[in-house]
$ cat my_file36.pdb   # PDB, C-alpha atoms
ATOM      1  CA  MET A  11       0.000   0.000   0.000
ATOM      2  CA  SER A  12       1.252   3.467  -0.822
ATOM      3  CA  GLU A  13       1.832   5.399   2.372
ATOM      4  CA  LEU A  14       0.953   9.057   2.707
ATOM      5  CA  ILE A  15       1.701  11.126   5.759
ATOM      6  CA  VAL A  16      -1.136  13.515   6.460
ATOM      7  CA  GLU A  17      -0.652  16.387   8.840
ATOM      8  CA  LYS A  18      -3.442  18.655   9.950
ATOM      9  CA  VAL A  19      -3.107  21.635   7.653
ATOM     10  CA  ASN A  20      -5.209  24.542   6.529
ATOM     11  CA  PHE A  21      -7.054  22.991   3.590
ATOM     12  CA  SER A  22      -7.553  26.387   1.972
ATOM     13  CA  ASP A  23      -3.763  26.513   1.502
ATOM     14  CA  TRP A  24      -3.205  22.962   0.253
ATOM     15  CA  ASN A  25      -5.479  20.449  -1.400
ATOM     16  CA  PHE A  26      -4.108  17.001  -0.565
ATOM     17  CA  VAL A  27      -6.482  15.452  -3.105
ATOM     18  CA  ASP A  28      -4.107  16.600  -5.854
ATOM     19  CA  GLU A  29      -1.531  14.204  -4.385
ATOM     20  CA  ILE A  30      -3.869  11.187  -4.477
ATOM     21  CA  LYS A  31      -3.426   9.103  -7.616
ATOM     22  CA  THR A  32      -4.506   5.563  -6.678
ATOM     23  CA  LYS A  33      -6.981   3.706  -4.459
ATOM     24  CA  ASP A  34      -4.035   2.849  -2.208
ATOM     25  CA  ASP A  35      -3.327   6.570  -1.854
ATOM     26  CA  VAL A  36      -6.966   7.162  -0.889
ATOM     27  CA  ALA A  37      -6.858   4.306   1.633
ATOM     28  CA  GLY A  38      -3.623   5.556   3.205
ATOM     29  CA  THR A  39      -4.950   9.089   3.370
ATOM     30  CA  LEU A  40      -8.236   8.023   4.952
ATOM     31  CA  GLU A  41      -6.442   5.890   7.538
ATOM     32  CA  ALA A  42      -4.155   8.787   8.475
ATOM     33  CA  VAL A  43      -7.000  11.305   8.553
ATOM     34  CA  ILE A  44      -9.167   9.070  10.746
ATOM     35  CA  GLU A  45      -6.290   8.528  13.162
ATOM     36  CA  LEU A  46      -5.502  12.249  13.334
ATOM     37  CA  ALA A  47      -9.175  13.197  13.718
ATOM     38  CA  ILE A  48      -9.455  10.820  16.679
ATOM     39  CA  GLN A  49      -6.184  12.016  18.265
ATOM     40  CA  GLU A  50      -7.191  15.653  17.895
ATOM     41  CA  ASN A  51     -10.864  15.039  18.765
ATOM     42  CA  ASP A  52     -11.706  16.815  15.496
ATOM     43  CA  PRO A  53     -14.441  15.068  13.494
ATOM     44  CA  GLU A  54     -14.718  18.108  11.210
ATOM     45  CA  PHE A  55     -11.235  17.296   9.895
ATOM     46  CA  LEU A  56     -12.471  13.846   8.886
ATOM     47  CA  PHE A  57     -15.679  15.166   7.283
ATOM     48  CA  LYS A  58     -13.718  17.730   5.268
ATOM     49  CA  ALA A  59     -11.195  15.138   4.087
ATOM     50  CA  ILE A  60     -13.907  12.693   2.992
ATOM     51  CA  GLY A  61     -15.690  15.591   1.296
ATOM     52  CA  ASP A  62     -12.533  16.593  -0.577
ATOM     53  CA  ILE A  63     -12.019  13.033  -1.786
ATOM     54  CA  ALA A  64     -15.700  12.774  -2.771
ATOM     55  CA  ARG A  65     -15.509  16.091  -4.661
ATOM     56  CA  SER A  66     -12.518  14.801  -6.604
ATOM     57  CA  LYS A  67     -14.783  12.031  -7.897
ATOM     58  CA  GLY A  68     -17.592  14.460  -8.634
ATOM     59  CA  MET A  69     -20.150  15.384  -6.011
ATOM     60  CA  SER A  70     -23.078  15.505  -8.449
ATOM     61  CA  GLN A  71     -22.362  12.004  -9.695
ATOM     62  CA  LEU A  72     -21.824  10.737  -6.160
ATOM     63  CA  ALA A  73     -25.091  12.285  -4.953
ATOM     64  CA  ARG A  74     -26.992  10.655  -7.842
ATOM     65  CA  GLU A  75     -25.404   7.256  -7.160
ATOM     66  CA  LEU A  76     -26.253   7.529  -3.459
ATOM     67  CA  ASN A  77     -29.730   8.919  -4.094
ATOM     68  CA  LEU A  78     -28.933  11.961  -1.975
ATOM     69  CA  ASP A  79     -29.444  15.666  -2.549
ATOM     70  CA  ARG A  80     -26.211  17.206  -3.874
ATOM     71  CA  ALA A  81     -26.455  20.369  -1.745
ATOM     72  CA  SER A  82     -27.108  18.320   1.399
ATOM     73  CA  LEU A  83     -24.151  16.079   0.623
ATOM     74  CA  TYR A  84     -21.883  19.117   0.149
ATOM     75  CA  LYS A  85     -23.088  20.556   3.457
ATOM     76  CA  SER A  86     -22.723  17.244   5.309
ATOM     77  CA  LEU A  87     -19.149  16.786   4.133
ATOM     78  CA  SER A  88     -18.050  20.337   4.875
ATOM     79  CA  PRO A  89     -15.898  21.235   7.891
ATOM     80  CA  THR A  90     -19.029  22.403   9.711
ATOM     81  CA  GLY A  91     -21.185  19.532   8.493
ATOM     82  CA  ASN A  92     -22.526  16.830  10.714
ATOM     83  CA  PRO A  93     -23.114  13.847   8.448
ATOM     84  CA  SER A  94     -24.928  10.832   9.751
ATOM     85  CA  PHE A  95     -22.941   7.664  10.230
ATOM     86  CA  PHE A  96     -25.070   6.182   7.437
ATOM     87  CA  THR A  97     -23.976   8.961   5.050
ATOM     88  CA  ILE A  98     -20.305   8.345   5.856
ATOM     89  CA  ILE A  99     -20.761   4.608   5.303
ATOM     90  CA  LYS A 100     -22.545   5.196   1.966
ATOM     91  CA  VAL A 101     -19.872   7.605   0.717
ATOM     92  CA  MET A 102     -17.047   5.292   1.798
ATOM     93  CA  ASP A 103     -18.757   2.346   0.114
ATOM     94  CA  ASN A 104     -19.205   4.326  -3.085
ATOM     95  CA  LEU A 105     -15.510   5.232  -3.028
ATOM     96  CA  GLY A 106     -14.726   1.522  -2.735
ATOM     97  CA  PHE A 107     -13.945   1.332   0.973
ATOM     98  CA  GLN A 108     -15.486   0.006   4.154
ATOM     99  CA  LEU A 109     -14.973   0.778   7.799
ATOM    100  CA  ASN A 110     -13.737  -2.038   9.988
ATOM    101  CA  ILE A 111     -13.796  -2.442  13.732
ATOM    102  CA  LYS A 112     -10.841  -3.899  15.561
ATOM    103  CA  GLN A 113     -10.159  -4.332  19.222
ATOM    104  CA  LYS A 114      -7.968  -1.681  20.756
ATOM    105  CA  VAL A 115      -4.621  -2.928  22.005
ATOM    106  CA  PRO A 116      -4.071  -1.950  25.655
ATOM    107  CA  ALA A 117      -1.200   0.502  26.170
TER     108      ALA A 117
END

$ encode --input "my_file36.pdb" --output "C-alpha cells"
Amino acid sequence: MSELIVEKVNFSDWNFVDEIKTKDDVAGTLEAVIELAIQENDPEFLFKAIGDIARSKGMSQLARELNLDRASLYKSLSPTGNPSFFTIIKVMDNLGFQLNIKQKVPA
C-alpha cells in the first residue's frame, strides 16, 4: 500500500487530493486522517477530508449514485457539516472502501 503522511493543515492553503493518484493513496490518506481526527478530537477534519475526496470524484455524480441531494451532501461533508454515520458509510462504500472495527490494544 502506498503510504501518505497527512498532517493537519489549513485545507484552503493545500489540497491534498491533488496528491492522491490511486486507491491505495486514498486508503492511506483516509487511515491517516481518521487517526488524526481521533487524536485531535476533530471530526470536522475527517468530514472535510472525505468531502474533498468525494468532490474529486464528482459530487453531483456521487449524490446521484447515493440517491442523496447534492447540496445536502456538500453541506454534510463540509468542515461544519454533521453527516450521519449512514452517510459516511454510503460515501465510503461508493468510493470503494469500508470501515472495519478492531479491538484496541491496551497501552

$ closest_residue --input "my_file36.pdb" --among "A:Ile98, A:Gly61, A:Asn104, A:Asp34" --to "Lys85 in chain A" --atoms "only C-alpha atoms"
A:Gly61

$ atom_distance --input "my_file36.pdb" --atom1 "CA of Asp79 in chain A" --atom2 "CA of Val43 in chain A"
25.4 Å

$ axis_aligned_box --input "my_file36.pdb" --around "range 61-76 of chain A" --padding-each-side "6 Å" --output "AutoDock Vina command-line options"
--center_x -19.5 --center_y 11.9 --center_z -4.2 --size_x 27.0 --size_y 21.3 --size_z 23.0

$ atom_distance --input "my_file36.pdb" --atom1 "CA of Gly68 in chain A" --atom2 "CA of Val101 in chain A"
11.8 Å

$ residues_around --input "my_file36.pdb" --residues "range 51-55 of chain A" --least-positions-apart "6" --cutoff "9 Å" --atoms "all atoms listed in the file" --output "ChimeraX atom specification"
/A:18,43-44,87-92

$ write_last_selection --input "my_file36.pdb" --atoms "C-alpha atoms" --output "compact mmCIF listing (two decimals), keeping the file's coordinate frame"
# COMPACT_ATOMS: atom_id res chain seq x y z
CA LYS A 18 -3.44 18.66 9.95
CA VAL A 43 -7.00 11.30 8.55
CA ILE A 44 -9.17 9.07 10.75
CA LEU A 87 -19.15 16.79 4.13
CA SER A 88 -18.05 20.34 4.88
CA PRO A 89 -15.90 21.24 7.89
CA THR A 90 -19.03 22.40 9.71
CA GLY A 91 -21.18 19.53 8.49
CA ASN A 92 -22.53 16.83 10.71

$ atom_distance --input "my_file36.pdb" --atom1 "CA of Leu56 in chain A" --atom2 "CA of Met102 in chain A"
12.0 Å

$ residues_near_point --input "my_file36.pdb" --point "(-25.5, 9.0, -0.2)" --cutoff "7 Å" --atoms "all atoms listed in the file" --output "NGL selection string"
:A and (73 or 76-78 or 97 or 100-101)

$ closest_atom_pairs --input "my_file36.pdb" --of "range 57-112 of chain A" --to "range 38-42 of chain A" --cutoff "12 Å" --atoms "all atoms listed in the file" --output "CSV"
residue,atom,partner,partner_atom,distance
A:Phe57,CA,A:Leu40,CA,10.6
A:Lys58,CA,A:Leu40,CA,11.2
A:Ala59,CA,A:Leu40,CA,7.8
A:Ile60,CA,A:Leu40,CA,7.6
A:Gly61,CA,A:Leu40,CA,11.2
A:Asp62,CA,A:Leu40,CA,11.1
A:Ile63,CA,A:Leu40,CA,9.2
A:Ala64,CA,A:Leu40,CA,11.7
A:Met102,CA,A:Leu40,CA,9.7
A:Leu105,CA,A:Leu40,CA,11.2
A:Gly106,CA,A:Leu40,CA,12.0
A:Phe107,CA,A:Leu40,CA,9.7
A:Gln108,CA,A:Leu40,CA,10.8
A:Leu109,CA,A:Glu41,CA,9.9
A:Asn110,CA,A:Glu41,CA,11.0

$ closest_residue --input "my_file36.pdb" --among "A:Met69, A:Ala37, A:Glu50, A:Arg74" --to "Ser86 in chain A" --atoms "all atoms listed in the file"
A:Met69

$ decode --input "my_file36.pdb" --residues "range 64-103 of chain A" --atoms "C-alpha atoms" --output "short mmCIF file (atom, residue, chain, number, x, y, z; two decimals), in the first residue's frame"
data_model
loop_
_atom_site.label_atom_id
_atom_site.label_comp_id
_atom_site.auth_asym_id
_atom_site.auth_seq_id
_atom_site.Cartn_x
_atom_site.Cartn_y
_atom_site.Cartn_z
CA ALA A 64 -15.70 12.77 -2.77
CA ARG A 65 -15.51 16.09 -4.66
CA SER A 66 -12.52 14.80 -6.60
CA LYS A 67 -14.78 12.03 -7.90
CA GLY A 68 -17.59 14.46 -8.63
CA MET A 69 -20.15 15.38 -6.01
CA SER A 70 -23.08 15.51 -8.45
CA GLN A 71 -22.36 12.00 -9.70
CA LEU A 72 -21.82 10.74 -6.16
CA ALA A 73 -25.09 12.29 -4.95
CA ARG A 74 -26.99 10.65 -7.84
CA GLU A 75 -25.40 7.26 -7.16
CA LEU A 76 -26.25 7.53 -3.46
CA ASN A 77 -29.73 8.92 -4.09
CA LEU A 78 -28.93 11.96 -1.97
CA ASP A 79 -29.44 15.67 -2.55
CA ARG A 80 -26.21 17.21 -3.87
CA ALA A 81 -26.46 20.37 -1.75
CA SER A 82 -27.11 18.32 1.40
CA LEU A 83 -24.15 16.08 0.62
CA TYR A 84 -21.88 19.12 0.15
CA LYS A 85 -23.09 20.56 3.46
CA SER A 86 -22.72 17.24 5.31
CA LEU A 87 -19.15 16.79 4.13
CA SER A 88 -18.05 20.34 4.87
CA PRO A 89 -15.90 21.23 7.89
CA THR A 90 -19.03 22.40 9.71
CA GLY A 91 -21.19 19.53 8.49
CA ASN A 92 -22.53 16.83 10.71
CA PRO A 93 -23.11 13.85 8.45
CA SER A 94 -24.93 10.83 9.75
CA PHE A 95 -22.94 7.66 10.23
CA PHE A 96 -25.07 6.18 7.44
CA THR A 97 -23.98 8.96 5.05
CA ILE A 98 -20.30 8.35 5.86
CA ILE A 99 -20.76 4.61 5.30
CA LYS A 100 -22.54 5.20 1.97
CA VAL A 101 -19.87 7.61 0.72
CA MET A 102 -17.05 5.29 1.80
CA ASP A 103 -18.76 2.35 0.11
#
